[in-house]
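Encoded as structure tokens, the structure appears first; notes follow it.
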Amino acid sequence: MTALERVRSTQRILGAAAVAQAIVWGLTAALGIVAINAFGSLVFPGLRDDSVVRGFAPLVEAVTVTGIMLWRRRHFVSRDRVALWIEEHVPELRYSLVTAMEQRGSPFAEEMERVVARQNIRGVTLAALRRRTLIAVAALLAAMLILYVSPSGGFGRAGTRSPFGRFGTSSTVPAGRLDDIQVRVTPPAYTGGRAITLDDPSSIAALTGSTIEIRAKGSALGLSAWMSGPLRVSGADGGWAVSFRMPAKPAALKLGDRNYERIIVLDPRADAPPKVVLTSPLRDTTLRTPRLVVRLNATASDDIGLNAGHFEYLITTGSGEIFTARTITTPVVHLDGSRSSSLSETLDLASLKLGEGDVVSMRAIVQDGNALTGPGIATSDTRTIRIARAGEYDSLAIEAAAPQPIDSSAMSQRMLIVMTEKLVREQPKLTRQELVKRSTEIGDLEERIRKRVHEILSQSEEESVGETPGQPPPSVAEMEAPEEITGTKNPDLVTAYNALWQAVRSLQIAEPAPALPPMRVALTALDRARLANRLYLRGTPPKIIVNLERIRLTGKEKGSSSSRTPRSFADSARVRLSTRFASVLDLIDTQPARAMTELALMRVEALPSLPAFAAALGEVTDAIRAGRDVTLPLLRARRALDGPPKATPGLPLWSAGQ
């Protein structure tokens, strides 16, 4: 082997060794940074969750140290520098190696080659390589040993830790496998939404029925999960995972790892039912002849997406308790999941073959695409068109004003009777839940008619009482009881009101059959009130723009109470949460882990009734987990719970004894 070949062999060995040593020293420096962060988290809790310190800083340190080490070993790139390194470590050569390389064609080259061949250059090179490698490996083992006994998980979620590593560990955040979890939220398929990923959240807000999957690194052995019952924790992709569906009500998800516990607040968002408004026709009307083309328009909206919509016509013929009804439904319009849409239809009354006294009730119906708990169905207000009878008009043939509001109540009452009779016929085939739902819906509509009759009675009572000086008008509480409404001048409305009261009570307890007799009594009374003698005006009465009597102080005063300070309503939940919140404040410094558990449970309880307080508690929890100052979040939470502070006026200024 010539001198040049020996230099090339040494160059390859030392070059590879330099690269390996640089990588080892860079890894040692990175582990040292992680160990320093682990010990520093005892003094500075914010380092525990600082992704820059835990991820970026060790990488930068490793690259920097590796680059420095490679720069210091850059002389191994040059053959002349390698030859000089060999001459330095083998002084017996006496520069024979350098001379042999420089004078390769001279007569002295062969003599120099023989001198070089007698020296163990490879042995010297390997000895230097072993010495430097042992130093680098020793430094690497020392860094790993320090990291092994560090007081927190140096490798992130679940690093290897000896019993010494538990000493001084902060209990603010659950350690080990419950750190740095990843949550994947997949909404229901009917929404068409995309799945989202949350990194280490303290709460999860999602649509009811969404699939929640929690993943983290570490073994699944010894982990537990609880949400109104135990959940299965399984291994997945080198870590653990737990999957469940978002419940309908706020709940707390408890994750356990040995003696550590972590609570995640589940904030479900319900799929709201759609909304529909009938924009045309604007009001009820009465026609002399059934010759009119009605343009129906409706606007609908939903928080997620609409599925379909249509119009429904209810045609009633007859009067009193003897009448017939038929329902016509327009073709269904598919709305293809749009959040807002409009419906339109044209109705020719001549095609319905209406007669005198017939009533056409029109409404719009839409449904959303909720295939999980629905679909949600919404109906608009009803508009009615009545065909007048020949006997309703006098010989003057004047242009009459629009019918009184009681007409629409009577027409709606007929429709509700038809719906109730249909429910009674189908009752044996329905489940208890469906029966209660449909009966309650009819009861709510009946309650609206009862309130409308109550408004008319209240106006009549106020006018009657106003004629007697010094007598105050009856309160609404006195008007609520049916037996107290006896002083009105219209006994038909009183009879209708009392019968409606009985019908509403029966429908609200899912007994539609007993509700039919009082409903028919109410319809008869409303018909008598509707057909009573009335004064027809030409057109609509003018609106009073200015009350001259009140301005000139010449009107009658019915009396008004003095202003009073409003009292705060009794709220047992608010008082209970206020007491618990005060006790949690004492635990934040002494027992932070227990304080975070109590805050999470309080947030679950406050979500339905006090959402602002629940949001403020979320800020407090995030601040504690991040090691930030919690003073301002606690003040916001206290103000959301108890309201703004009340200013108490102080003593008047001293007036020198006056």
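Numbering starts fresh at 1 for the residues of each chain in the structure tokens, the chains themselves are lettered A, B, ... in the order given, and ligands are numbered from 1 as they appear.
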Surrounding residues of Gly443 in chain A excluding itself and chain neighbours under 2 positions, 8 Å, only C-alpha atoms, as a PyMOL selection string: chain A and resi 439-441+445-447+503-505+507-508
Could you save the residues just selected, with all heavy atoms, as an mmCIF file, in the first residue's frame?
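New file selection35.cif:
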data_model
loop_
_atom_site.group_PDB
_atom_site.id
_atom_site.type_symbol
_atom_site.label_atom_id
_atom_site.label_comp_id
_atom_site.auth_asym_id
_atom_site.auth_seq_id
_atom_site.Cartn_x
_atom_site.Cartn_y
_atom_site.Cartn_z
ATOM 1 N N SER A 439 -100.320 15.331 20.948
ATOM 2 C CA SER A 439 -101.334 15.958 21.792
ATOM 3 C C SER A 439 -100.823 17.266 22.382
ATOM 4 O O SER A 439 -101.563 18.254 22.471
ATOM 5 C CB SER A 439 -101.738 14.991 22.911
ATOM 6 O OG SER A 439 -102.717 15.572 23.733
ATOM 7 N N THR A 440 -99.534 17.298 22.758
ATOM 8 C CA THR A 440 -98.966 18.533 23.303
ATOM 9 C C THR A 440 -98.904 19.622 22.240
ATOM 10 O O THR A 440 -99.154 20.803 22.528
ATOM 11 C CB THR A 440 -97.564 18.251 23.849
ATOM 12 O OG1 THR A 440 -97.636 17.189 24.814
ATOM 13 C CG2 THR A 440 -96.993 19.486 24.531
ATOM 14 N N GLU A 441 -98.587 19.256 21.010
ATOM 15 C CA GLU A 441 -98.543 20.265 19.940
ATOM 16 C C GLU A 441 -99.930 20.869 19.710
ATOM 17 O O GLU A 441 -100.078 22.089 19.556
ATOM 18 C CB GLU A 441 -98.026 19.624 18.655
ATOM 19 C CG GLU A 441 -96.560 19.240 18.709
ATOM 20 C CD GLU A 441 -96.112 18.530 17.444
ATOM 21 O OE1 GLU A 441 -96.992 18.237 16.604
ATOM 22 O OE2 GLU A 441 -94.900 18.271 17.296
ATOM 23 N N LEU A 445 -101.263 24.903 20.347
ATOM 24 C CA LEU A 445 -102.054 25.726 19.427
ATOM 25 C C LEU A 445 -103.370 26.158 20.065
ATOM 26 O O LEU A 445 -103.836 27.292 19.866
ATOM 27 C CB LEU A 445 -102.325 24.939 18.137
ATOM 28 C CG LEU A 445 -101.085 24.552 17.314
ATOM 29 C CD1 LEU A 445 -101.494 23.679 16.134
ATOM 30 C CD2 LEU A 445 -100.362 25.789 16.827
ATOM 31 N N GLU A 446 -103.980 25.260 20.838
ATOM 32 C CA GLU A 446 -105.216 25.621 21.544
ATOM 33 C C GLU A 446 -104.949 26.703 22.590
ATOM 34 O O GLU A 446 -105.777 27.591 22.812
ATOM 35 C CB GLU A 446 -105.806 24.366 22.209
ATOM 36 C CG GLU A 446 -107.201 24.559 22.785
ATOM 37 C CD GLU A 446 -108.286 24.506 21.700
ATOM 38 O OE1 GLU A 446 -107.946 24.579 20.497
ATOM 39 O OE2 GLU A 446 -109.457 24.404 22.055
ATOM 40 N N GLU A 447 -103.769 26.635 23.200
ATOM 41 C CA GLU A 447 -103.408 27.650 24.196
ATOM 42 C C GLU A 447 -103.261 29.024 23.552
ATOM 43 O O GLU A 447 -103.619 30.041 24.146
ATOM 44 C CB GLU A 447 -102.092 27.247 24.869
ATOM 45 C CG GLU A 447 -101.536 28.253 25.864
ATOM 46 C CD GLU A 447 -102.379 28.368 27.117
ATOM 47 O OE1 GLU A 447 -103.286 27.534 27.314
ATOM 48 O OE2 GLU A 447 -102.142 29.304 27.895
ATOM 49 N N ALA A 503 -110.116 22.272 27.556
ATOM 50 C CA ALA A 503 -109.527 21.525 26.447
ATOM 51 C C ALA A 503 -108.003 21.526 26.524
ATOM 52 O O ALA A 503 -107.349 20.501 26.274
ATOM 53 C CB ALA A 503 -109.994 22.117 25.115
ATOM 54 N N VAL A 504 -107.407 22.661 26.873
ATOM 55 C CA VAL A 504 -105.949 22.750 26.968
ATOM 56 C C VAL A 504 -105.422 21.812 28.047
ATOM 57 O O VAL A 504 -104.426 21.094 27.866
ATOM 58 C CB VAL A 504 -105.511 24.203 27.237
ATOM 59 C CG1 VAL A 504 -104.031 24.265 27.599
ATOM 60 C CG2 VAL A 504 -105.780 25.075 26.025
ATOM 61 N N ARG A 505 -106.108 21.758 29.184
ATOM 62 C CA ARG A 505 -105.655 20.869 30.258
ATOM 63 C C ARG A 505 -105.687 19.406 29.829
ATOM 64 O O ARG A 505 -104.778 18.634 30.131
ATOM 65 C CB ARG A 505 -106.517 21.078 31.503
ATOM 66 C CG ARG A 505 -106.254 22.401 32.220
ATOM 67 C CD ARG A 505 -106.937 22.442 33.559
ATOM 68 N NE ARG A 505 -108.382 22.276 33.444
ATOM 69 C CZ ARG A 505 -109.219 22.229 34.475
ATOM 70 N NH1 ARG A 505 -108.756 22.315 35.699
ATOM 71 N NH2 ARG A 505 -110.509 22.095 34.288
ATOM 72 N N LEU A 507 -105.489 18.221 26.712
ATOM 73 C CA LEU A 507 -104.500 17.963 25.664
ATOM 74 C C LEU A 507 -103.086 17.933 26.223
ATOM 75 O O LEU A 507 -102.240 17.158 25.765
ATOM 76 C CB LEU A 507 -104.606 19.034 24.570
ATOM 77 C CG LEU A 507 -105.875 18.990 23.709
ATOM 78 C CD1 LEU A 507 -105.963 20.218 22.824
ATOM 79 C CD2 LEU A 507 -105.896 17.719 22.849
ATOM 80 N N GLN A 508 -102.803 18.756 27.230
ATOM 81 C CA GLN A 508 -101.460 18.794 27.778
ATOM 82 C C GLN A 508 -101.109 17.533 28.549
ATOM 83 O O GLN A 508 -99.928 17.245 28.767
ATOM 84 C CB GLN A 508 -101.285 20.025 28.690
ATOM 85 C CG GLN A 508 -101.335 21.354 27.971
ATOM 86 C CD GLN A 508 -100.133 21.570 27.064
ATOM 87 O OE1 GLN A 508 -99.174 20.827 27.132
ATOM 88 N NE2 GLN A 508 -100.186 22.578 26.201
#
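The environment of Arg326 in chain A within 7 Å, counting only C-alpha atoms and disregarding residues fewer than 5 places along the same chain, consists of Leu314, Ile315 and Thr316 of chain A.
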Write the residues of the preceding selection, restricted to C-alpha atoms, as a short mmCIF file (atom, residue, chain, number, x, y, z; two decimals), in the first residue's frame.
data_model
loop_
_atom_site.label_atom_id
_atom_site.label_comp_id
_atom_site.auth_asym_id
_atom_site.auth_seq_id
_atom_site.Cartn_x
_atom_site.Cartn_y
_atom_site.Cartn_z
CA LEU A 314 -107.39 22.87 4.98
CA ILE A 315 -110.88 23.44 3.56
CA THR A 316 -113.81 23.36 6.03
#
Using the chain letters and numbers from this document, which residues of range 307-352 of chain A does DSSP assign to strand (DSSP E or B), as an MDAnalysis selection string? chainID A and resid 307:319 322:329 333:334 340:348
How far is it from CA of Pro514 in chain A to CA of Ser361 in chain A, in Å with one decimal? 25.4 Å
Report the distance between CA of Ser341 in chain A and CA of Pro281 in chain A in Å, rounded to one decimal place.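 Separation between CA of Ser341 in chain A and CA of Pro281 in chain A: 17.9 Å.
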Please identify all polymer residues within 12 Å of Glu598 in chain A, counting only C-alpha atoms, omitting same-chain residues fewer than 2 positions from it, and present them as a PDB file with N, CA and C atoms, in the first residue's frame.
ATOM      1  N   ALA A 252     -69.487  15.413  31.708  1.00  0.00           N
ATOM      2  CA  ALA A 252     -68.060  15.439  32.010  1.00  0.00           C
ATOM      3  C   ALA A 252     -67.455  14.098  31.629  1.00  0.00           C
ATOM      4  N   GLU A 261     -56.087  12.119  37.255  1.00  0.00           N
ATOM      5  CA  GLU A 261     -57.418  12.208  36.660  1.00  0.00           C
ATOM      6  C   GLU A 261     -57.511  13.496  35.857  1.00  0.00           C
ATOM      7  N   ARG A 262     -58.157  13.401  34.716  1.00  0.00           N
ATOM      8  CA  ARG A 262     -58.381  14.578  33.874  1.00  0.00           C
ATOM      9  C   ARG A 262     -59.828  14.586  33.426  1.00  0.00           C
ATOM     10  N   ILE A 263     -60.461  15.756  33.509  1.00  0.00           N
ATOM     11  CA  ILE A 263     -61.867  15.903  33.146  1.00  0.00           C
ATOM     12  C   ILE A 263     -61.954  16.825  31.932  1.00  0.00           C
ATOM     13  N   ILE A 264     -62.670  16.372  30.921  1.00  0.00           N
ATOM     14  CA  ILE A 264     -62.922  17.160  29.715  1.00  0.00           C
ATOM     15  C   ILE A 264     -64.418  17.463  29.663  1.00  0.00           C
ATOM     16  N   VAL A 265     -64.760  18.723  29.503  1.00  0.00           N
ATOM     17  CA  VAL A 265     -66.153  19.163  29.475  1.00  0.00           C
ATOM     18  C   VAL A 265     -66.718  18.941  28.084  1.00  0.00           C
ATOM     19  N   LEU A 577     -73.896  27.495  42.830  1.00  0.00           N
ATOM     20  CA  LEU A 577     -72.645  27.661  42.106  1.00  0.00           C
ATOM     21  C   LEU A 577     -71.768  28.737  42.734  1.00  0.00           C
ATOM     22  N   ARG A 580     -69.991  27.112  45.677  1.00  0.00           N
ATOM     23  CA  ARG A 580     -68.928  26.216  45.230  1.00  0.00           C
ATOM     24  C   ARG A 580     -67.749  26.985  44.650  1.00  0.00           C
ATOM     25  N   PHE A 581     -68.047  28.070  43.935  1.00  0.00           N
ATOM     26  CA  PHE A 581     -66.974  28.862  43.337  1.00  0.00           C
ATOM     27  C   PHE A 581     -66.098  29.487  44.415  1.00  0.00           C
ATOM     28  N   ALA A 582     -66.717  29.946  45.504  1.00  0.00           N
ATOM     29  CA  ALA A 582     -65.933  30.532  46.597  1.00  0.00           C
ATOM     30  C   ALA A 582     -65.024  29.494  47.248  1.00  0.00           C
ATOM     31  N   SER A 583     -65.495  28.261  47.371  1.00  0.00           N
ATOM     32  CA  SER A 583     -64.655  27.220  47.971  1.00  0.00           C
ATOM     33  C   SER A 583     -63.526  26.789  47.043  1.00  0.00           C
ATOM     34  N   VAL A 584     -63.751  26.853  45.721  1.00  0.00           N
ATOM     35  CA  VAL A 584     -62.703  26.464  44.771  1.00  0.00           C
ATOM     36  C   VAL A 584     -61.562  27.470  44.778  1.00  0.00           C
ATOM     37  N   LEU A 585     -61.847  28.727  45.058  1.00  0.00           N
ATOM     38  CA  LEU A 585     -60.793  29.738  45.074  1.00  0.00           C
ATOM     39  C   LEU A 585     -59.709  29.405  46.085  1.00  0.00           C
ATOM     40  N   ASP A 586     -60.083  28.775  47.202  1.00  0.00           N
ATOM     41  CA  ASP A 586     -59.092  28.413  48.219  1.00  0.00           C
ATOM     42  C   ASP A 586     -58.254  27.210  47.821  1.00  0.00           C
ATOM     43  N   LEU A 587     -58.711  26.441  46.816  1.00  0.00           N
ATOM     44  CA  LEU A 587     -57.995  25.235  46.416  1.00  0.00           C
ATOM     45  C   LEU A 587     -57.001  25.468  45.293  1.00  0.00           C
ATOM     46  N   ILE A 588     -57.085  26.619  44.607  1.00  0.00           N
ATOM     47  CA  ILE A 588     -56.238  26.838  43.432  1.00  0.00           C
ATOM     48  C   ILE A 588     -54.760  26.818  43.801  1.00  0.00           C
ATOM     49  N   GLN A 591     -54.359  22.938  46.317  1.00  0.00           N
ATOM     50  CA  GLN A 591     -54.644  21.686  45.621  1.00  0.00           C
ATOM     51  C   GLN A 591     -55.100  21.991  44.198  1.00  0.00           C
ATOM     52  N   PRO A 592     -54.170  22.331  43.305  1.00  0.00           N
ATOM     53  CA  PRO A 592     -54.571  22.740  41.943  1.00  0.00           C
ATOM     54  C   PRO A 592     -55.271  21.638  41.157  1.00  0.00           C
ATOM     55  N   ALA A 593     -54.867  20.370  41.360  1.00  0.00           N
ATOM     56  CA  ALA A 593     -55.514  19.293  40.611  1.00  0.00           C
ATOM     57  C   ALA A 593     -56.984  19.167  40.996  1.00  0.00           C
ATOM     58  N   ARG A 594     -57.266  19.241  42.299  1.00  0.00           N
ATOM     59  CA  ARG A 594     -58.660  19.169  42.753  1.00  0.00           C
ATOM     60  C   ARG A 594     -59.434  20.396  42.302  1.00  0.00           C
ATOM     61  N   ALA A 595     -58.787  21.548  42.284  1.00  0.00           N
ATOM     62  CA  ALA A 595     -59.457  22.771  41.833  1.00  0.00           C
ATOM     63  C   ALA A 595     -59.878  22.655  40.373  1.00  0.00           C
ATOM     64  N   MET A 596     -59.009  22.080  39.524  1.00  0.00           N
ATOM     65  CA  MET A 596     -59.368  21.928  38.113  1.00  0.00           C
ATOM     66  C   MET A 596     -60.517  20.952  37.943  1.00  0.00           C
ATOM     67  N   ALA A 600     -64.169  22.036  36.311  1.00  0.00           N
ATOM     68  CA  ALA A 600     -64.767  21.332  35.176  1.00  0.00           C
ATOM     69  C   ALA A 600     -66.184  20.875  35.493  1.00  0.00           C
ATOM     70  N   LEU A 601     -66.403  20.339  36.697  1.00  0.00           N
ATOM     71  CA  LEU A 601     -67.750  19.896  37.068  1.00  0.00           C
ATOM     72  C   LEU A 601     -68.712  21.078  37.188  1.00  0.00           C
ATOM     73  N   MET A 602     -68.233  22.208  37.710  1.00  0.00           N
ATOM     74  CA  MET A 602     -69.072  23.408  37.776  1.00  0.00           C
ATOM     75  C   MET A 602     -69.432  23.896  36.375  1.00  0.00           C
ATOM     76  N   ARG A 603     -68.487  23.778  35.447  1.00  0.00           N
ATOM     77  CA  ARG A 603     -68.764  24.232  34.084  1.00  0.00           C
ATOM     78  C   ARG A 603     -69.842  23.373  33.434  1.00  0.00           C
ATOM     79  N   VAL A 604     -69.817  22.069  33.688  1.00  0.00           N
ATOM     80  CA  VAL A 604     -70.852  21.185  33.142  1.00  0.00           C
ATOM     81  C   VAL A 604     -72.218  21.573  33.699  1.00  0.00           C
ATOM     82  N   GLU A 605     -72.287  21.896  34.996  1.00  0.00           N
ATOM     83  CA  GLU A 605     -73.564  22.266  35.602  1.00  0.00           C
ATOM     84  C   GLU A 605     -74.064  23.616  35.116  1.00  0.00           C
ATOM     85  N   LEU A 617     -65.404  30.110  33.126  1.00  0.00           N
ATOM     86  CA  LEU A 617     -64.710  29.011  33.805  1.00  0.00           C
ATOM     87  C   LEU A 617     -63.744  28.304  32.858  1.00  0.00           C
ATOM     88  N   GLY A 618     -64.101  28.211  31.575  1.00  0.00           N
ATOM     89  CA  GLY A 618     -63.174  27.641  30.605  1.00  0.00           C
ATOM     90  C   GLY A 618     -61.888  28.449  30.500  1.00  0.00           C
ATOM     91  N   VAL A 620     -60.602  30.217  32.919  1.00  0.00           N
ATOM     92  CA  VAL A 620     -59.853  29.960  34.153  1.00  0.00           C
ATOM     93  C   VAL A 620     -59.093  28.643  34.050  1.00  0.00           C
ATOM     94  N   THR A 621     -59.750  27.594  33.551  1.00  0.00           N
ATOM     95  CA  THR A 621     -59.098  26.291  33.419  1.00  0.00           C
ATOM     96  C   THR A 621     -57.905  26.354  32.472  1.00  0.00           C
TER      97      THR A 621
END
Please give the complete set of residues from range 248-469 of chain A that DSSP, run on the backbone, assigns to helix (DSSP H, G or I), formatted as a short mmCIF file (atom, residue, chain, number, x, y, z; two decimals) with C-alpha atoms, in the first residue's frame.
data_model
loop_
_atom_site.label_atom_id
_atom_site.label_comp_id
_atom_site.auth_asym_id
_atom_site.auth_seq_id
_atom_site.Cartn_x
_atom_site.Cartn_y
_atom_site.Cartn_z
CA LEU A 349 -109.84 29.46 -5.33
CA ALA A 350 -112.15 28.68 -8.24
CA SER A 351 -110.54 25.25 -8.58
CA LEU A 352 -111.50 24.33 -5.01
CA ALA A 390 -125.48 36.00 1.51
CA GLY A 391 -127.23 36.91 4.77
CA GLU A 392 -124.17 38.68 6.15
CA ILE A 406 -112.17 36.38 16.52
CA ASP A 407 -112.87 35.07 12.98
CA SER A 408 -109.38 33.63 12.64
CA SER A 409 -109.72 32.07 16.09
CA ALA A 410 -112.90 30.30 15.03
CA MET A 411 -111.35 29.03 11.85
CA SER A 412 -108.29 27.77 13.70
CA GLN A 413 -110.53 26.09 16.26
CA ARG A 414 -112.21 24.09 13.47
CA MET A 415 -108.82 22.96 12.22
CA LEU A 416 -107.73 21.90 15.71
CA ILE A 417 -110.93 19.88 16.16
CA VAL A 418 -110.19 18.04 12.92
CA MET A 419 -106.62 17.37 14.09
CA THR A 420 -107.82 16.13 17.48
CA GLU A 421 -110.41 13.79 15.94
CA LYS A 422 -107.70 12.38 13.68
CA LEU A 423 -105.46 11.86 16.69
CA VAL A 424 -108.23 10.02 18.57
CA ARG A 425 -108.76 7.69 15.61
CA GLU A 426 -105.04 6.92 15.34
CA GLN A 427 -104.43 6.70 19.09
CA PRO A 428 -104.49 2.83 19.30
CA LYS A 429 -101.71 2.63 16.71
CA ARG A 432 -97.02 6.70 24.11
CA GLN A 433 -94.19 9.07 23.15
CA GLU A 434 -95.77 9.94 19.77
CA LEU A 435 -99.20 10.41 21.41
CA VAL A 436 -97.79 12.80 24.01
CA LYS A 437 -95.90 14.75 21.34
CA ARG A 438 -98.86 15.24 18.99
CA SER A 439 -101.33 15.96 21.79
CA THR A 440 -98.97 18.53 23.30
CA GLU A 441 -98.54 20.27 19.94
CA ILE A 442 -102.32 20.57 19.52
CA GLY A 443 -102.55 21.79 23.12
CA ASP A 444 -100.00 24.54 22.42
CA LEU A 445 -102.05 25.73 19.43
CA GLU A 446 -105.22 25.62 21.54
CA GLU A 447 -103.41 27.65 24.20
CA ARG A 448 -102.68 30.37 21.61
CA ILE A 449 -106.39 30.65 20.84
CA ARG A 450 -107.19 30.80 24.56
CA LYS A 451 -104.69 33.64 25.04
CA ARG A 452 -106.17 35.51 22.07
CA VAL A 453 -109.67 35.25 23.56
CA HIS A 454 -108.21 36.37 26.88
CA GLU A 455 -106.77 39.50 25.22
CA ILE A 456 -110.20 40.38 23.80
CA LEU A 457 -111.80 39.82 27.19
CA SER A 458 -109.15 41.91 28.90
CA GLN A 459 -109.77 44.83 26.54
CA SER A 460 -113.51 44.56 27.18
CA GLU A 461 -112.95 44.50 30.94
CA GLU A 462 -110.63 47.52 30.80
CA GLU A 463 -113.20 49.54 28.87
CA SER A 464 -115.91 48.53 31.32
CA VAL A 465 -113.80 49.36 34.36
CA GLY A 466 -112.64 52.66 32.89
#
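Shortest atom-to-atom contact with Val63 in chain A among A:Ile36, A:Ala30, A:Leu221, A:Val333: A:Ala30, counting only C-alpha atoms.
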Near Gly374 in chain A, within 10 Å and counting only C-alpha atoms, which residues show up once chain neighbours fewer than 6 positions away are dropped, as a tab-separated table (two decimals) with all heavy atoms, in the first residue's frame?
chain	number	residue	atom	x	y	z
A	271	ASP	N	-79.29	20.42	17.32
A	271	ASP	CA	-79.72	20.79	15.97
A	271	ASP	C	-81.08	21.49	16.09
A	271	ASP	O	-82.10	20.86	16.38
A	271	ASP	CB	-79.82	19.55	15.10
A	271	ASP	CG	-80.17	19.89	13.65
A	271	ASP	OD1	-80.35	21.09	13.35
A	271	ASP	OD2	-80.26	18.97	12.83
A	273	PRO	N	-84.60	23.24	15.27
A	273	PRO	CA	-85.59	22.99	14.20
A	273	PRO	C	-85.61	24.15	13.21
A	273	PRO	O	-85.19	25.27	13.53
A	273	PRO	CB	-86.92	22.89	14.97
A	273	PRO	CG	-86.68	23.65	16.23
A	273	PRO	CD	-85.24	23.46	16.58
A	367	GLN	N	-89.14	20.90	6.62
A	367	GLN	CA	-88.42	19.99	7.50
A	367	GLN	C	-86.94	20.02	7.16
A	367	GLN	O	-86.56	20.26	6.01
A	367	GLN	CB	-88.96	18.56	7.39
A	367	GLN	CG	-88.75	17.91	6.04
A	367	GLN	CD	-89.27	16.48	6.01
A	367	GLN	OE1	-90.02	16.07	6.87
A	367	GLN	NE2	-88.86	15.73	5.00
A	368	ASP	N	-86.10	19.81	8.19
A	368	ASP	CA	-84.67	19.81	7.96
A	368	ASP	C	-84.19	18.39	7.67
A	368	ASP	O	-84.98	17.45	7.61
A	368	ASP	CB	-83.92	20.40	9.16
A	368	ASP	CG	-84.21	19.63	10.45
A	368	ASP	OD1	-84.78	18.52	10.37
A	368	ASP	OD2	-83.87	20.12	11.53
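Across the model, the gap from CA of Leu292 in chain A to CA of Glu312 in chain A is 17.6 Å.
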Need to verify the contact set: Ser344 in chain A, 9 Å, only C-alpha atoms, exclusion of same-chain residues closer than 4 positions in sequence. Can you return it as a ChimeraX atom specification? /A:295-299,310-311
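Of the residues listed (A:Arg574, A:Lys275, A:Arg132, A:Arg288), A:Lys275 shows the shortest atom-to-atom separation from Ile377 in chain A; distances use only C-alpha atoms.
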Considering only C-alpha atoms, can you say which of A:Ile68, A:Leu255, A:Leu516, A:Trp240 comes closest to Ser202 in chain A?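 Of all the options, A:Leu255 lies closest to Ser202 in chain A.
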